[in-house]
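Asks: mmCIF, C-alpha atoms and all ligand atoms, saved as query-v9.cif, coming up:
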```cif
data_input
#
loop_
_atom_site.label_atom_id
_atom_site.label_comp_id
_atom_site.auth_asym_id
_atom_site.auth_seq_id
_atom_site.Cartn_x
_atom_site.Cartn_y
_atom_site.Cartn_z
CA MET A 114 12.40 -64.76 -71.97
CA ASN A 115 14.06 -68.11 -71.55
CA LEU A 116 17.68 -68.18 -72.57
CA SER A 117 17.96 -71.92 -72.18
CA THR A 118 15.55 -72.44 -75.06
CA GLU A 119 17.72 -70.35 -77.37
CA PHE A 120 20.80 -71.35 -79.29
CA PRO A 121 23.79 -72.65 -77.33
CA LEU A 122 26.81 -70.36 -77.27
CA THR A 123 29.44 -72.52 -78.90
CA GLN A 124 31.83 -71.84 -81.72
CA THR A 125 29.93 -74.31 -83.83
CA THR A 126 26.66 -72.43 -83.45
CA VAL A 127 25.31 -71.84 -86.92
CA LYS A 128 22.74 -69.27 -86.08
CA LYS A 129 23.84 -66.21 -84.16
CA ARG A 130 21.63 -64.60 -81.53
CA ASN A 131 19.91 -61.50 -82.85
CA LEU A 132 20.23 -58.80 -80.16
CA LEU A 133 17.96 -56.32 -81.94
CA GLY A 134 14.82 -57.38 -80.06
CA TYR A 135 16.36 -57.85 -76.59
CA ASP A 136 14.94 -55.51 -73.95
CA LEU A 137 17.16 -54.42 -71.05
CA ALA A 138 16.35 -57.41 -68.83
CA HIS A 139 16.94 -59.85 -71.69
CA MET A 140 20.19 -58.09 -72.66
CA LYS A 141 21.45 -58.18 -69.07
CA ALA A 142 20.67 -61.89 -68.85
CA PHE A 143 22.57 -62.42 -72.10
CA PHE A 144 25.66 -60.59 -70.82
CA ALA A 145 25.50 -62.47 -67.52
CA GLU A 146 25.39 -65.71 -69.47
CA ILE A 147 28.56 -64.82 -71.35
CA ASN A 148 30.24 -63.71 -68.10
CA GLU A 149 30.22 -59.99 -68.84
CA LYS A 150 29.17 -57.08 -66.61
CA PRO A 151 25.57 -55.80 -66.68
CA PHE A 152 26.61 -52.27 -67.75
CA ARG A 153 27.58 -53.74 -71.12
CA ALA A 154 23.88 -54.34 -71.72
CA VAL A 155 23.18 -50.62 -71.41
CA GLN A 156 26.09 -49.71 -73.70
CA VAL A 157 25.02 -52.12 -76.41
CA LEU A 158 21.37 -51.12 -76.14
CA LYS A 159 22.32 -47.47 -76.70
CA TRP A 160 24.48 -48.30 -79.70
CA ILE A 161 21.75 -50.32 -81.33
CA HIS A 162 18.72 -48.17 -80.66
CA GLN A 163 19.96 -44.64 -80.08
CA PHE A 164 22.76 -44.62 -82.67
CA GLY A 165 21.24 -47.13 -85.08
CA VAL A 166 24.44 -49.23 -85.17
CA ASP A 167 24.29 -52.81 -86.45
CA ASP A 168 28.02 -53.55 -86.40
CA PHE A 169 29.76 -54.44 -83.14
CA ALA A 170 33.03 -53.06 -84.55
CA LYS A 171 31.57 -49.55 -84.34
CA MET A 172 30.82 -49.75 -80.62
CA SER A 173 33.83 -47.69 -79.64
CA ASN A 174 33.35 -47.74 -75.87
CA VAL A 175 33.22 -51.54 -75.80
CA SER A 176 36.58 -53.30 -75.49
CA GLN A 177 37.99 -54.80 -78.66
CA ALA A 178 38.04 -58.28 -77.15
CA LEU A 179 34.36 -58.07 -76.27
CA ARG A 180 33.45 -56.66 -79.69
CA ALA A 181 35.15 -59.67 -81.30
CA LYS A 182 33.43 -62.07 -78.91
CA LEU A 183 30.05 -60.52 -79.67
CA ALA A 184 30.62 -60.66 -83.41
CA ASP A 185 31.31 -64.37 -83.01
CA ILE A 186 28.13 -65.29 -81.24
CA ALA A 187 25.63 -62.56 -81.98
CA GLN A 188 24.31 -60.21 -84.61
CA ILE A 189 22.08 -57.15 -84.98
CA LYS A 190 19.84 -57.94 -87.89
CA ALA A 191 16.78 -56.11 -89.18
CA PRO A 192 14.61 -57.38 -92.03
CA GLU A 193 15.67 -56.20 -95.47
CA ILE A 194 13.84 -53.12 -96.76
CA ILE A 195 12.53 -54.04 -100.20
CA MET A 196 10.53 -50.90 -100.87
CA GLU A 197 10.26 -47.39 -99.49
CA GLN A 198 7.42 -45.23 -100.80
CA LYS A 199 6.59 -41.62 -100.03
CA ALA A 200 3.06 -40.26 -100.37
CA SER A 201 2.24 -36.72 -101.47
CA ASP A 202 1.35 -35.83 -97.85
CA GLY A 203 4.77 -36.92 -96.52
CA THR A 204 3.64 -40.34 -95.28
CA ILE A 205 6.36 -42.98 -95.77
CA LYS A 206 5.70 -46.69 -96.15
CA TRP A 207 8.31 -49.43 -95.87
CA LEU A 208 7.91 -52.95 -97.14
CA MET A 209 10.26 -55.33 -95.33
CA ARG A 210 11.10 -58.89 -96.30
CA LEU A 211 11.13 -61.46 -93.55
CA GLU A 212 12.68 -64.87 -93.50
CA GLY A 213 10.41 -67.48 -95.06
CA GLY A 214 9.10 -65.37 -97.95
CA ASN A 215 6.70 -63.14 -96.04
CA SER A 216 6.80 -59.37 -95.90
CA ILE A 217 5.29 -56.71 -93.66
CA GLU A 218 4.49 -53.04 -93.93
CA THR A 219 5.23 -50.12 -91.61
CA VAL A 220 4.03 -46.53 -92.05
CA PHE A 221 5.35 -43.19 -90.78
CA ILE A 222 2.84 -40.34 -90.62
CA PRO A 223 4.31 -36.87 -90.07
CA GLU A 224 2.05 -34.18 -88.62
CA ASP A 225 2.69 -30.62 -87.45
CA ASN A 226 3.40 -31.51 -83.86
CA ARG A 227 4.22 -35.22 -83.95
CA GLY A 228 5.39 -38.14 -86.04
CA THR A 229 3.46 -41.38 -85.68
CA LEU A 230 4.80 -44.78 -86.65
CA CYS A 231 2.21 -47.46 -87.40
CA VAL A 232 3.78 -50.82 -86.57
CA SER A 233 2.76 -54.38 -87.54
CA SER A 234 2.67 -57.18 -84.97
CA GLN A 235 1.86 -60.27 -87.08
CA VAL A 236 2.27 -61.50 -90.63
CA GLY A 237 -1.33 -61.14 -91.75
CA CYS A 238 -4.14 -61.48 -89.26
CA ALA A 239 -6.36 -64.33 -88.15
CA LEU A 240 -9.31 -62.25 -86.96
CA ASP A 241 -11.08 -61.94 -90.30
CA CYS A 242 -12.69 -58.51 -89.79
CA GLY A 243 -14.81 -58.04 -92.91
CA PHE A 244 -13.67 -54.50 -93.73
CA CYS A 245 -9.88 -55.00 -93.37
CA SER A 246 -7.56 -55.83 -96.25
CA THR A 247 -4.95 -57.44 -93.98
CA ALA A 248 -7.62 -59.96 -92.98
CA LYS A 249 -8.11 -60.87 -96.62
CA GLN A 250 -4.47 -61.98 -96.78
CA GLY A 251 -4.93 -64.65 -94.14
CA PHE A 252 -2.42 -65.38 -91.38
CA ASN A 253 1.08 -66.79 -91.34
CA ARG A 254 2.78 -66.20 -87.97
CA ASN A 255 3.59 -63.87 -85.11
CA LEU A 256 6.43 -61.40 -85.56
CA SER A 257 9.39 -61.86 -83.21
CA SER A 258 10.35 -59.01 -80.88
CA ASP A 259 13.25 -58.12 -83.17
CA GLU A 260 10.95 -57.95 -86.21
CA ILE A 261 8.62 -55.63 -84.28
CA ILE A 262 11.26 -53.28 -82.92
CA ALA A 263 13.09 -53.39 -86.27
CA GLN A 264 10.26 -51.31 -87.70
CA LEU A 265 11.02 -48.47 -85.28
CA TRP A 266 14.77 -49.00 -85.70
CA VAL A 267 14.48 -48.67 -89.50
CA ALA A 268 12.22 -45.60 -89.28
CA HIS A 269 14.53 -43.98 -86.74
CA ARG A 270 17.58 -44.56 -88.92
CA THR A 271 15.90 -43.40 -92.12
CA LEU A 272 14.44 -40.27 -90.52
CA ASN A 273 17.80 -39.41 -88.94
CA GLN A 274 19.45 -39.69 -92.33
CA LEU A 275 16.79 -37.42 -93.84
CA ALA A 276 17.38 -34.94 -90.99
CA ASP A 277 21.14 -35.03 -91.65
CA HIS A 278 20.55 -34.24 -95.31
CA SER A 279 18.20 -31.43 -94.43
CA GLU A 280 20.77 -30.09 -91.94
CA ALA A 281 23.24 -29.81 -94.79
CA ARG A 282 20.61 -28.29 -97.09
CA THR A 283 19.33 -25.69 -94.62
CA LYS A 284 22.64 -24.50 -93.18
CA GLY A 285 22.06 -21.28 -91.31
CA ASN A 286 18.26 -21.42 -91.49
CA SER A 287 17.53 -22.42 -87.90
CA GLN A 288 13.77 -21.98 -88.17
CA GLN A 289 13.63 -24.37 -91.12
CA LYS A 290 15.83 -26.83 -89.22
CA ILE A 291 13.51 -26.87 -86.23
CA GLN A 292 10.53 -27.42 -88.51
CA ASP A 293 12.26 -30.25 -90.38
CA SER A 294 13.32 -32.05 -87.23
CA LYS A 295 9.78 -31.79 -85.88
CA ASN A 296 8.49 -33.40 -89.05
CA ARG A 297 11.08 -36.13 -89.02
CA ALA A 298 11.08 -37.88 -85.68
CA VAL A 299 9.02 -40.73 -84.35
CA THR A 300 7.26 -39.28 -81.30
CA ASN A 301 4.40 -41.80 -81.16
CA VAL A 302 4.01 -45.48 -81.95
CA VAL A 303 0.67 -47.12 -82.67
CA LEU A 304 0.33 -50.89 -83.01
CA MET A 305 -2.25 -50.47 -85.74
CA GLY A 306 -0.45 -52.11 -88.65
CA MET A 307 -0.91 -55.72 -89.74
CA GLY A 308 -2.07 -58.17 -87.10
CA GLU A 309 -3.68 -58.33 -83.67
CA PRO A 310 -1.02 -57.26 -81.13
CA LEU A 311 -2.67 -58.96 -78.15
CA LEU A 312 -2.48 -62.34 -79.90
CA ASN A 313 1.30 -61.93 -79.95
CA PHE A 314 1.55 -60.81 -76.37
CA ASN A 315 5.10 -61.65 -75.22
CA ASN A 316 6.90 -60.41 -78.31
CA VAL A 317 4.82 -57.22 -78.46
CA VAL A 318 5.48 -56.50 -74.79
CA GLU A 319 9.24 -57.05 -75.14
CA ALA A 320 9.33 -54.67 -78.14
CA ILE A 321 7.28 -52.11 -76.18
CA HIS A 322 9.78 -52.33 -73.31
CA LEU A 323 12.40 -51.15 -75.80
CA MET A 324 10.14 -48.33 -77.04
CA LEU A 325 9.75 -47.09 -73.45
CA GLU A 326 13.32 -47.80 -72.31
CA ASP A 327 15.37 -44.65 -71.61
CA HIS A 328 18.49 -46.34 -72.96
CA ALA A 329 16.65 -47.13 -76.22
CA TYR A 330 13.84 -44.89 -77.56
CA GLY A 331 12.55 -43.38 -74.30
CA LEU A 332 8.95 -42.86 -75.45
CA SER A 333 6.39 -42.18 -72.75
CA LYS A 334 3.66 -44.73 -72.08
CA ARG A 335 1.08 -42.25 -73.31
CA ARG A 336 2.74 -42.16 -76.70
CA VAL A 337 2.66 -45.88 -77.36
CA THR A 338 -0.78 -47.22 -78.24
CA ILE A 339 -1.96 -50.79 -78.60
CA SER A 340 -4.99 -51.12 -80.83
CA THR A 341 -6.98 -54.29 -80.29
CA ALA A 342 -10.14 -55.86 -81.62
CA GLY A 343 -10.72 -56.96 -78.01
CA VAL A 344 -8.80 -59.99 -76.78
CA VAL A 345 -10.27 -59.66 -73.29
CA PRO A 346 -7.97 -61.94 -71.19
CA ALA A 347 -4.86 -60.36 -72.73
CA LEU A 348 -6.15 -56.88 -71.86
CA LYS A 349 -6.19 -57.87 -68.22
CA ARG A 350 -2.61 -59.16 -68.48
CA LEU A 351 -1.50 -56.04 -70.30
CA ARG A 352 -2.64 -53.86 -67.43
CA GLU A 353 -0.34 -55.74 -65.05
CA GLU A 354 2.67 -55.92 -67.35
CA CYS A 355 2.82 -52.89 -69.58
CA ASP A 356 -0.02 -50.40 -69.28
CA VAL A 357 0.44 -48.33 -72.42
CA SER A 358 -2.33 -46.37 -74.11
CA LEU A 359 -5.24 -48.32 -75.46
CA ALA A 360 -7.42 -48.12 -78.56
CA ILE A 361 -10.36 -50.45 -78.99
CA SER A 362 -11.66 -51.37 -82.42
CA LEU A 363 -15.33 -51.24 -81.48
CA HIS A 364 -16.89 -50.35 -84.85
CA ALA A 365 -20.45 -51.15 -83.78
CA PRO A 366 -22.95 -50.01 -81.16
CA ASN A 367 -24.37 -53.49 -80.48
CA ASP A 368 -23.41 -57.18 -80.62
CA GLN A 369 -25.67 -57.87 -83.55
CA ILE A 370 -23.73 -55.58 -85.89
CA ARG A 371 -20.34 -56.28 -84.30
CA ASP A 372 -20.76 -60.05 -84.68
CA GLN A 373 -21.04 -59.47 -88.43
CA ILE A 374 -17.97 -57.26 -88.92
CA VAL A 375 -15.61 -58.28 -86.06
CA PRO A 376 -16.02 -62.06 -85.64
CA LEU A 377 -13.97 -62.00 -82.40
CA ASN A 378 -17.05 -60.40 -80.85
CA LYS A 379 -18.73 -63.81 -80.73
CA LYS A 380 -16.05 -64.90 -78.27
CA TYR A 381 -15.73 -61.64 -76.32
CA PRO A 382 -18.92 -59.63 -76.69
CA ILE A 383 -19.13 -55.87 -76.19
CA LYS A 384 -20.15 -55.98 -72.53
CA GLU A 385 -17.11 -58.08 -71.57
CA LEU A 386 -14.84 -55.92 -73.69
CA LEU A 387 -15.99 -52.66 -72.14
CA SER A 388 -15.71 -54.03 -68.63
CA ALA A 389 -12.11 -55.13 -69.43
CA CYS A 390 -11.45 -51.55 -70.60
CA GLN A 391 -12.85 -50.17 -67.35
CA TYR A 392 -10.63 -52.57 -65.41
CA TYR A 393 -7.64 -51.41 -67.47
CA PHE A 394 -8.19 -47.90 -66.15
CA SER A 395 -9.25 -48.67 -62.62
CA GLY A 396 -7.06 -47.35 -59.84
CA ASP A 397 -4.82 -45.23 -62.07
CA THR A 398 -5.35 -41.52 -61.90
CA LYS A 399 -2.76 -40.70 -64.54
CA LYS A 400 -4.44 -42.64 -67.30
CA LYS A 401 -7.24 -40.49 -68.58
CA GLN A 402 -9.06 -42.32 -71.32
CA PHE A 403 -8.90 -44.92 -74.04
CA THR A 404 -9.76 -44.44 -77.69
CA VAL A 405 -12.77 -46.05 -79.31
CA GLU A 406 -12.17 -46.68 -83.02
CA TYR A 407 -15.25 -46.74 -85.19
CA VAL A 408 -14.95 -47.37 -88.92
CA MET A 409 -17.73 -45.66 -90.91
CA LEU A 410 -19.38 -48.24 -93.19
CA ALA A 411 -22.24 -47.02 -95.36
CA GLY A 412 -25.54 -48.57 -94.37
CA VAL A 413 -23.94 -50.91 -91.82
CA ASN A 414 -23.17 -48.96 -88.64
CA ASP A 415 -23.61 -45.28 -89.56
CA SER A 416 -27.27 -44.37 -88.92
CA GLU A 417 -28.46 -41.75 -86.44
CA LYS A 418 -29.95 -44.58 -84.42
CA ASN A 419 -26.53 -46.26 -84.30
CA ALA A 420 -24.97 -43.01 -83.08
CA ARG A 421 -27.53 -42.72 -80.28
CA GLU A 422 -26.98 -46.39 -79.35
CA LEU A 423 -23.25 -45.69 -79.17
CA VAL A 424 -23.86 -42.71 -76.89
CA ALA A 425 -25.83 -44.92 -74.52
CA LEU A 426 -23.32 -47.78 -74.72
CA LEU A 427 -20.31 -45.65 -73.84
CA LYS A 428 -22.00 -43.72 -71.07
CA LYS A 429 -19.58 -43.25 -68.16
CA MET A 430 -16.71 -44.85 -70.12
CA PRO A 431 -13.46 -42.87 -69.92
CA CYS A 432 -13.04 -42.66 -73.69
CA LYS A 433 -12.74 -40.46 -76.73
CA ILE A 434 -14.03 -41.57 -80.12
CA ASN A 435 -12.16 -41.77 -83.42
CA LEU A 436 -14.39 -42.09 -86.46
CA ILE A 437 -12.40 -43.72 -89.26
CA PRO A 438 -13.62 -43.22 -92.82
CA PHE A 439 -13.55 -46.70 -94.41
CA ASN A 440 -10.60 -47.10 -96.78
CA PRO A 441 -11.62 -49.26 -99.71
CA PHE A 442 -9.46 -52.02 -101.21
CA PRO A 443 -10.01 -54.37 -104.17
CA ASN A 444 -12.97 -56.73 -103.66
CA SER A 445 -14.10 -55.13 -100.41
CA HIS A 446 -17.84 -55.43 -100.05
CA PHE A 447 -18.21 -52.22 -98.08
CA SER A 448 -18.25 -48.56 -98.96
CA CYS A 449 -17.48 -45.51 -96.87
CA SER A 450 -20.26 -43.39 -95.39
CA SER A 451 -20.64 -40.01 -97.07
CA SER A 452 -19.05 -37.01 -95.36
CA GLN A 453 -22.56 -35.73 -94.65
CA VAL A 454 -23.43 -38.94 -92.80
CA ILE A 455 -20.10 -38.95 -90.94
CA ASN A 456 -20.65 -35.34 -89.82
CA ARG A 457 -24.17 -36.06 -88.63
CA PHE A 458 -22.92 -39.11 -86.69
CA LYS A 459 -20.11 -37.01 -85.21
CA ASP A 460 -22.52 -34.24 -84.17
CA ILE A 461 -24.71 -36.64 -82.21
CA LEU A 462 -21.69 -37.92 -80.27
CA TYR A 463 -20.32 -34.44 -79.81
CA LYS A 464 -23.59 -33.05 -78.49
CA ALA A 465 -23.73 -35.95 -76.01
CA GLY A 466 -20.44 -34.68 -74.59
CA TYR A 467 -17.85 -36.96 -76.23
CA VAL A 468 -14.52 -35.86 -77.60
CA VAL A 469 -14.82 -37.08 -81.17
CA VAL A 470 -12.38 -36.83 -84.03
CA VAL A 471 -12.76 -37.90 -87.65
CA ARG A 472 -9.45 -39.56 -88.49
CA LYS A 473 -7.76 -38.01 -91.47
CA THR A 474 -6.98 -40.49 -94.20
CA ARG A 475 -3.22 -40.38 -94.71
CA GLY A 476 -1.02 -41.88 -97.37
CA ASP A 477 -3.90 -43.36 -99.35
CA ASP A 478 -2.10 -42.71 -102.66
CA ILE A 479 0.45 -45.36 -101.61
CA ASP A 480 -2.09 -47.70 -99.92
CA ALA A 481 -0.78 -46.79 -96.48
CA ALA A 482 -4.09 -45.88 -94.86
CA CYS A 483 -5.81 -47.85 -92.07
CA GLY A 484 -6.69 -51.34 -93.16
CA GLN A 485 -4.82 -51.04 -96.44
CA LEU A 486 -1.58 -52.58 -95.19
CA ALA A 487 -1.10 -55.90 -96.81
CA GLY A 488 2.55 -56.92 -97.26
CA LYS A 489 2.92 -60.44 -98.50
CA VAL A 490 1.45 -63.21 -96.43
CA ARG A 491 1.96 -66.89 -97.08
CA ASP A 492 -1.39 -67.80 -95.67
CA LYS A 493 -1.39 -70.77 -93.31
CA SER A 494 -4.90 -70.34 -91.98
CA ARG A 495 -7.52 -72.73 -93.26
CA ARG A 496 -9.87 -69.86 -93.71
CA LEU A 497 -8.85 -68.87 -97.22
N1 LIG A 501 -5.96 -55.79 -84.92
C1 LIG A 501 -5.88 -54.50 -84.33
C2 LIG A 501 -4.94 -53.53 -85.03
C3 LIG A 501 -4.92 -53.47 -86.54
S1 LIG A 501 -6.06 -52.53 -87.43
C4 LIG A 501 -7.26 -53.90 -84.20
O1 LIG A 501 -8.22 -54.51 -84.65
O2 LIG A 501 -7.40 -52.84 -83.57
C5 LIG A 501 -5.95 -50.86 -86.96
C6 LIG A 501 -7.26 -50.10 -87.11
O3 LIG A 501 -7.63 -49.90 -88.49
C7 LIG A 501 -8.40 -50.85 -86.47
O4 LIG A 501 -9.26 -50.00 -85.78
C8 LIG A 501 -9.07 -51.43 -87.68
O5 LIG A 501 -10.37 -51.83 -87.39
C9 LIG A 501 -8.98 -50.28 -88.66
N2 LIG A 501 -9.24 -50.69 -90.05
C10 LIG A 501 -9.02 -51.89 -90.60
N3 LIG A 501 -9.39 -51.90 -91.90
C11 LIG A 501 -9.83 -50.67 -92.19
C12 LIG A 501 -10.31 -50.05 -93.39
N4 LIG A 501 -10.39 -50.71 -94.54
N5 LIG A 501 -10.66 -48.75 -93.32
C13 LIG A 501 -10.54 -48.07 -92.16
N6 LIG A 501 -10.09 -48.60 -91.02
C14 LIG A 501 -9.73 -49.89 -91.01
#
```
What would the structure in this file look like if it were written as structure tokens?
Ligand code: SAH

Replies:
Amino acid sequence: MNLSTEFPLTQTTVKKRNLLGYDLAHMKAFFAEINEKPFRAVQVLKWIHQFGVDDFAKMSNVSQALRAKLADIAQIKAPEIIMEQKASDGTIKWLMRLEGGNSIETVFIPEDNRGTLCVSSQVGCALDCGFCSTAKQGFNRNLSSDEIIAQLWVAHRTLNQLADHSEARTKGNSQQKIQDSKNRAVTNVVLMGMGEPLLNFNNVVEAIHLMLEDHAYGLSKRRVTISTAGVVPALKRLREECDVSLAISLHAPNDQIRDQIVPLNKKYPIKELLSACQYYFSGDTKKKQFTVEYVMLAGVNDSEKNARELVALLKKMPCKINLIPFNPFPNSHFSCSSSQVINRFKDILYKAGYVVVVRKTRGDDIDAACGQLAGKVRDKSRRL
């Protein structure tokens, strides 16, 4: 955060500061800069993130003079929602338009005991993983912290509105109300949408501060997960600055296969990646394990030999394994392993003592499953 690089606070300022993505420290610095008390930062943070307010006039415990001053120099602005789709399994997908003609996607996945929001961190992705449809769109830019947190802000607001409607609908039926509210709250956030979160480090970390902040969303560190293809130096930094849960997109039991499907592996091969994961967990008794993500690609990484190689590779690693059935998209050159092959692969890992889960494909009737998020990317990479 460097306030001096932002817009000057004069009456002639054309562009107002967007407070949506300011974490507590940033908000306090902002209020200090405009000669206001630090407690105002907490008040405004609560209005924005806990009550979903985007209009200073509604902040009733803030003095009228300060509300007017804020309206003059600042704003609370989320990207415009251009589409909201609901899948037959309750999954909701939002398409949001960003400035500059790009758009991003965010997905909410309700389950019996939790609600997971899958958040994007970049417009497109530069990593070029062969099996991912976001990669096929190319890369445009990093999302700002306000564009990242806006995805949770929008989901929170929408789900609260749905809960209010259901409250009216289910008057008197307390059991139904409890069930509905369980289905309609974001309890977990996974940075598994478009982009590579660790290549947008500062903005992702500021948005995560807001996710964890008691005066904002108050999620526990265990319930916020960064998924990465393995940007090794950033993993080390993450441990120092914001040690949330970790998922690693491994997808292969050796460098030979991984080089083919996750090109970043040529820069940070498996051995370096796994030792960075071990470092991430060293010296912390509360953190139990990280998640290894492994997409099941027919004939590429799904043989019994591959499963045994994976067992040997992950020996002594504090991890559980998520097998992800490959979700196809137009012009993808891969196909998903059969359920028989996936089960055999799973059994080998399971018998070797690993906790292993086959990820359920959710929201595929609205293209909201893993690797299907595309949005609209004005590609700037030379790759395409
Ligand atoms: N860049 C980050 C996060 C985005 S992708 C990462 O690589 O982890 C989130 C997860 O979905 C990753 O594990 C990714 O490899 C997986 N994924 C991507 N495309 C997929 C597809 N078509 N089918 C199934 N999983 C996919």

Asks: Using only C-alpha atoms, which of the listed residues (A:Pro192, A:Pro438, A:Pro310, A:Pro223) sits closest to Ile361 of chain A?

Replies: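 Among the listed residues, the smallest separation from Ile361 of chain A belongs to A:Pro310.
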
Asks: Between atom CA of Asp168 of chain A and atom CA of Lys190 of chain A, what is the distance in Å, rounded to a tenth?

Replies: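 A separation of 9.4 Å between them.
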
Asks: What does the structure give for the distance between atom CA of Ser448 of chain A and atom CA of Ile374 of chain A, in Å to one decimal?

Replies: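 Computing it gives 13.3 Å between the two atoms.
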
Asks: Could you work out how far atom CA of Ile437 of chain A lies from atom CA of Asn414 of chain A, giving the answer in Å with one decimal?

Replies: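 Spanning atom CA of Asn414 of chain A to atom CA of Ile437 of chain A is a straight-line distance of 12.0 Å.
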
Asks: For His162 of chain A, list every protein, DNA or RNA residue within 12 Å, evaluated using only C-alpha atoms, and leave out those in the same chain fewer than 5 positions away; present the list as an mmCIF file with C-alpha atoms, in the coordinates of the input.

Replies:
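Everything below was put into part13.cif:
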```
data_model
loop_
_atom_site.group_PDB
_atom_site.id
_atom_site.type_symbol
_atom_site.label_atom_id
_atom_site.label_comp_id
_atom_site.auth_asym_id
_atom_site.auth_seq_id
_atom_site.Cartn_x
_atom_site.Cartn_y
_atom_site.Cartn_z
ATOM 1 C CA LEU A 132 20.230 -58.800 -80.160
ATOM 2 C CA LEU A 133 17.960 -56.320 -81.940
ATOM 3 C CA GLY A 134 14.820 -57.380 -80.060
ATOM 4 C CA TYR A 135 16.360 -57.850 -76.590
ATOM 5 C CA ASP A 136 14.940 -55.510 -73.950
ATOM 6 C CA LEU A 137 17.160 -54.420 -71.050
ATOM 7 C CA VAL A 155 23.180 -50.620 -71.410
ATOM 8 C CA GLN A 156 26.090 -49.710 -73.700
ATOM 9 C CA VAL A 157 25.020 -52.120 -76.410
ATOM 10 C CA ASP A 167 24.290 -52.810 -86.450
ATOM 11 C CA ILE A 189 22.080 -57.150 -84.980
ATOM 12 C CA ALA A 191 16.780 -56.110 -89.180
ATOM 13 C CA ASP A 259 13.250 -58.120 -83.170
ATOM 14 C CA ILE A 262 11.260 -53.280 -82.920
ATOM 15 C CA ALA A 263 13.090 -53.390 -86.270
ATOM 16 C CA GLN A 264 10.260 -51.310 -87.700
ATOM 17 C CA LEU A 265 11.020 -48.470 -85.280
ATOM 18 C CA TRP A 266 14.770 -49.000 -85.700
ATOM 19 C CA VAL A 267 14.480 -48.670 -89.500
ATOM 20 C CA ALA A 268 12.220 -45.600 -89.280
ATOM 21 C CA HIS A 269 14.530 -43.980 -86.740
ATOM 22 C CA ARG A 270 17.580 -44.560 -88.920
ATOM 23 C CA ALA A 320 9.330 -54.670 -78.140
ATOM 24 C CA LEU A 323 12.400 -51.150 -75.800
ATOM 25 C CA MET A 324 10.140 -48.330 -77.040
ATOM 26 C CA LEU A 325 9.750 -47.090 -73.450
ATOM 27 C CA GLU A 326 13.320 -47.800 -72.310
ATOM 28 C CA ASP A 327 15.370 -44.650 -71.610
ATOM 29 C CA HIS A 328 18.490 -46.340 -72.960
ATOM 30 C CA ALA A 329 16.650 -47.130 -76.220
ATOM 31 C CA TYR A 330 13.840 -44.890 -77.560
ATOM 32 C CA GLY A 331 12.550 -43.380 -74.300
#
```

Asks: List all protein, DNA and RNA residues that have at least one atom no more than 6 Å from any atom of ligand LIG 501 (chain A), counting all atoms listed in the file, and write them as an MDAnalysis selection string.

Replies: chainID A and resid 244:245 305:309 340:342 361:362 406 408 437:441 483:485

Asks: Looking at only C-alpha atoms, which of A:Lys150, A:Lys141, A:Lys433, A:His322 is the one that sits closest to Leu462 of chain A?

Replies: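 Checking each of A:Lys150, A:Lys141, A:Lys433, A:His322 against Leu462 of chain A, counting only C-alpha atoms, the winner is A:Lys433.
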
Asks: For Gln250 of chain A, which residue among A:Ala184, A:Ile461, A:Met196, A:Val490 is the nearest when counting all atoms listed in the file?

Replies: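 Counting all atoms listed in the file, the residue closest to Gln250 of chain A is A:Val490.
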